Amino acid sequence: MAGFFGIGNYGDSGAGISKNGPKKNRFALFFEILGVRIWKLFSLNFIYVLCCIPIITIGPATAGITKVLKNYSIDKNAYVWSDFKDTFKKNFLRALPIGIIDIIAYAGVFIGSKMYPDLAEALNNNLFYLLFVVTLSVGVMFTIMNFYMYLMLVSTDLSMKNVVKNSLALTFLAPKQNILTLFIMVALVFLFIFLISINLQFLFLLPFMPATLIGFIVCYNCYPVIQKYVINPYYESRGEVNPELPKETYEEETVFEDMGGREAPIKADKKKGKNKGKVIS
C-alpha cells in the first residue's frame, strides 16, 4: 500500500539529513534562547535587585547574574538561585571592590557631565566643554570594560590585574561588538526611562526586567570575544579544544563518515508492488 497521499510509503528513501546542514544564525538563536528562558530572567532580575539593595553588594550580585547569563548566552543550563548564590559567595572578595569602583566612577561621570557644561556657560570658558567630553569618554570606556570584567571574573582564574588589563585591551580589540552592545544598552535604558516618564506603572518592570535583559545582551555579544582572545588561546597552548565550543566548530576524527545529505535517493520498484508477497506478522 502506497499510503494516503504518499504517507506511509516506506519503499522510497531520500538523501538523508546532513549534520552539517543549515544552522540558525546568531540573531535567530538569540531570540530562541531569550524566548525559552524569559521567565528565568524575570526571577533572576528580582533576586539581583534584592541583593543590590545594600548597595555595597552590587559587585558580587553582578558577578552572580553574569555567571547565569553567560551560561544562557552559550545555550548552557544554569540554575537561577543556586548558581547565583554560589558565584556570589565565591567571587565576593574579588567582585566587591569592582562594585565599589563602579559606584564611585559612575557618580563622578554623572556629576562631571552636569557640572562642566554649567561651568563653561557661567565662566564663559570652553575648556570645561573639553573636560565634559573627556568625562563622557572615560564613562563610555569604563562601561565597555565592565562588559568584560565580570565575564572574565566568573569564567577564568585570572588575577584581578590581568582581568582589568584584558578588559581594557578588549575594549579596543572588538569595536564592532562593543559599539553595538553599548548602543543597544543605551537604547534600552532610554526606552525604560521614557516608559516610566509617560506612566509610572511601568516602574513595576524594574524588579523583573531591565538588568537581566541588558546583561543577557552583553553576555551574548561579548563572551564570544573573551573566548576568541582569552579562553581559546589558553586551550590551544595546551593542545586542547575549549569544551564550551559547539562540536561543529572543530574537526572530529571519526571512524565512519556521515553521508547524510549525500546519499543517492532510493526508489521503490513499482512493479514488485503488484505482486503480493508473504507478510510476516
# chains A, B, ... in the order shown; residues from 1 in each chain; ligands from 1
call {"tool": "residues_around", "arguments": {"residues": "Tyr223 (chain A)", "least_positions_apart": "3", "cutoff": "10 Å", "atoms": "only C-alpha atoms", "output": "list of chain:residue names"}}
result
A:Lys70, A:Asn71, A:Ser73, A:Ile74, A:Phe147, A:Tyr148, A:Leu151, A:Met152, A:Ser155, A:Ile217, A:Val218, A:Cys219, A:Tyr220, A:Ile226, A:Gln227, A:Lys228, A:Ile231
call {"tool": "atom_distance", "arguments": {"atom1": "CA of Gln201 (chain A)", "atom2": "CA of Val80 (chain A)"}}
result
26.8 Å
call {"tool": "residues_around", "arguments": {"residues": "region 53-68 of chain A", "least_positions_apart": "6", "cutoff": "8 Å", "atoms": "only C-alpha atoms", "output": "list in words"}}
result
Leu44, Ala78, Tyr79, Val80, Asp83, Phe84, Lys85, Asp86, Thr87, Phe88, Lys89, Asn91, Phe92, Leu93, Arg94, Ala95, Leu96, Pro97, Ile98, Gly99, Ile100, Tyr150, Leu151, Leu153, Val154, Ser155, Thr212, Gly215 and Cys219 of chain A
call {"tool": "write_last_selection", "arguments": {"atoms": "N, CA and C atoms", "output": "JSON list (two decimals), in the first residue's frame"}}
result
[["chain", "number", "residue", "atom", "x", "y", "z"],
["A", 44, "LEU", "N", 15.54, 35.91, 38.00],
["A", 44, "LEU", "CA", 16.94, 36.29, 38.24],
["A", 44, "LEU", "C", 17.07, 37.78, 38.49],
["A", 78, "ALA", "N", 21.71, 26.54, 33.51],
["A", 78, "ALA", "CA", 22.13, 27.20, 34.74],
["A", 78, "ALA", "C", 20.94, 27.21, 35.69],
["A", 79, "TYR", "N", 21.22, 27.04, 36.97],
["A", 79, "TYR", "CA", 20.18, 27.09, 37.99],
["A", 79, "TYR", "C", 20.17, 28.49, 38.59],
["A", 80, "VAL", "N", 19.04, 29.16, 38.46],
["A", 80, "VAL", "CA", 18.96, 30.57, 38.80],
["A", 80, "VAL", "C", 19.46, 30.86, 40.20],
["A", 83, "ASP", "N", 23.21, 28.73, 41.26],
["A", 83, "ASP", "CA", 24.38, 29.25, 40.56],
["A", 83, "ASP", "C", 24.64, 30.71, 40.93],
["A", 84, "PHE", "N", 23.58, 31.48, 41.08],
["A", 84, "PHE", "CA", 23.74, 32.87, 41.52],
["A", 84, "PHE", "C", 24.37, 32.92, 42.91],
["A", 85, "LYS", "N", 23.83, 32.14, 43.83],
["A", 85, "LYS", "CA", 24.32, 32.15, 45.22],
["A", 85, "LYS", "C", 25.77, 31.69, 45.30],
["A", 86, "ASP", "N", 26.11, 30.60, 44.61],
["A", 86, "ASP", "CA", 27.46, 30.06, 44.66],
["A", 86, "ASP", "C", 28.47, 31.05, 44.09],
["A", 87, "THR", "N", 28.12, 31.69, 42.98],
["A", 87, "THR", "CA", 29.02, 32.66, 42.36],
["A", 87, "THR", "C", 29.14, 33.91, 43.22],
["A", 88, "PHE", "N", 28.04, 34.34, 43.82],
["A", 88, "PHE", "CA", 28.04, 35.49, 44.73],
["A", 88, "PHE", "C", 29.04, 35.26, 45.86],
["A", 89, "LYS", "N", 29.00, 34.08, 46.46],
["A", 89, "LYS", "CA", 29.88, 33.76, 47.59],
["A", 89, "LYS", "C", 31.33, 33.56, 47.14],
["A", 91, "ASN", "N", 32.95, 34.70, 44.51],
["A", 91, "ASN", "CA", 33.64, 35.89, 43.98],
["A", 91, "ASN", "C", 33.41, 37.15, 44.82],
["A", 92, "PHE", "N", 32.93, 36.96, 46.05],
["A", 92, "PHE", "CA", 32.56, 38.11, 46.86],
["A", 92, "PHE", "C", 33.73, 39.09, 47.04],
["A", 93, "LEU", "N", 34.88, 38.58, 47.47],
["A", 93, "LEU", "CA", 36.01, 39.46, 47.77],
["A", 93, "LEU", "C", 36.62, 40.08, 46.52],
["A", 94, "ARG", "N", 36.53, 39.40, 45.40],
["A", 94, "ARG", "CA", 37.09, 39.96, 44.16],
["A", 94, "ARG", "C", 36.12, 40.94, 43.50],
["A", 95, "ALA", "N", 34.82, 40.65, 43.57],
["A", 95, "ALA", "CA", 33.83, 41.50, 42.91],
["A", 95, "ALA", "C", 33.46, 42.72, 43.75],
["A", 96, "LEU", "N", 33.65, 42.63, 45.06],
["A", 96, "LEU", "CA", 33.28, 43.74, 45.94],
["A", 96, "LEU", "C", 33.98, 45.04, 45.57],
["A", 97, "PRO", "N", 35.31, 45.06, 45.40],
["A", 97, "PRO", "CA", 35.96, 46.33, 45.01],
["A", 97, "PRO", "C", 35.56, 46.83, 43.63],
["A", 98, "ILE", "N", 35.26, 45.91, 42.70],
["A", 98, "ILE", "CA", 34.81, 46.35, 41.38],
["A", 98, "ILE", "C", 33.49, 47.09, 41.49],
["A", 99, "GLY", "N", 32.59, 46.56, 42.31],
["A", 99, "GLY", "CA", 31.30, 47.21, 42.50],
["A", 99, "GLY", "C", 31.44, 48.59, 43.13],
["A", 100, "ILE", "N", 32.33, 48.70, 44.12],
["A", 100, "ILE", "CA", 32.55, 49.99, 44.78],
["A", 100, "ILE", "C", 33.15, 50.99, 43.80],
["A", 150, "TYR", "N", 33.39, 41.44, 34.57],
["A", 150, "TYR", "CA", 32.61, 40.45, 35.31],
["A", 150, "TYR", "C", 32.58, 39.11, 34.58],
["A", 151, "LEU", "N", 32.53, 39.14, 33.25],
["A", 151, "LEU", "CA", 32.55, 37.89, 32.49],
["A", 151, "LEU", "C", 33.84, 37.12, 32.71],
["A", 153, "LEU", "N", 35.79, 37.47, 35.28],
["A", 153, "LEU", "CA", 35.84, 37.15, 36.71],
["A", 153, "LEU", "C", 35.19, 35.80, 37.00],
["A", 154, "VAL", "N", 34.05, 35.53, 36.34],
["A", 154, "VAL", "CA", 33.31, 34.28, 36.61],
["A", 154, "VAL", "C", 33.67, 33.15, 35.66],
["A", 155, "SER", "N", 34.49, 33.43, 34.65],
["A", 155, "SER", "CA", 34.79, 32.41, 33.63],
["A", 155, "SER", "C", 36.24, 31.96, 33.63],
["A", 212, "THR", "N", 18.58, 42.00, 33.79],
["A", 212, "THR", "CA", 18.92, 40.72, 33.16],
["A", 212, "THR", "C", 18.81, 40.77, 31.64],
["A", 215, "GLY", "N", 21.94, 42.54, 30.67],
["A", 215, "GLY", "CA", 23.05, 41.65, 30.97],
["A", 215, "GLY", "C", 23.14, 40.49, 29.99],
["A", 219, "CYS", "N", 26.34, 39.61, 27.62],
["A", 219, "CYS", "CA", 26.99, 38.29, 27.61],
["A", 219, "CYS", "C", 26.95, 37.66, 26.22]]
call {"tool": "closest_residue", "arguments": {"among": "A:Ile179, A:Val138, A:Ile33, A:Leu130", "to": "Val109 (chain A)", "atoms": "only C-alpha atoms"}}
result
A:Val138
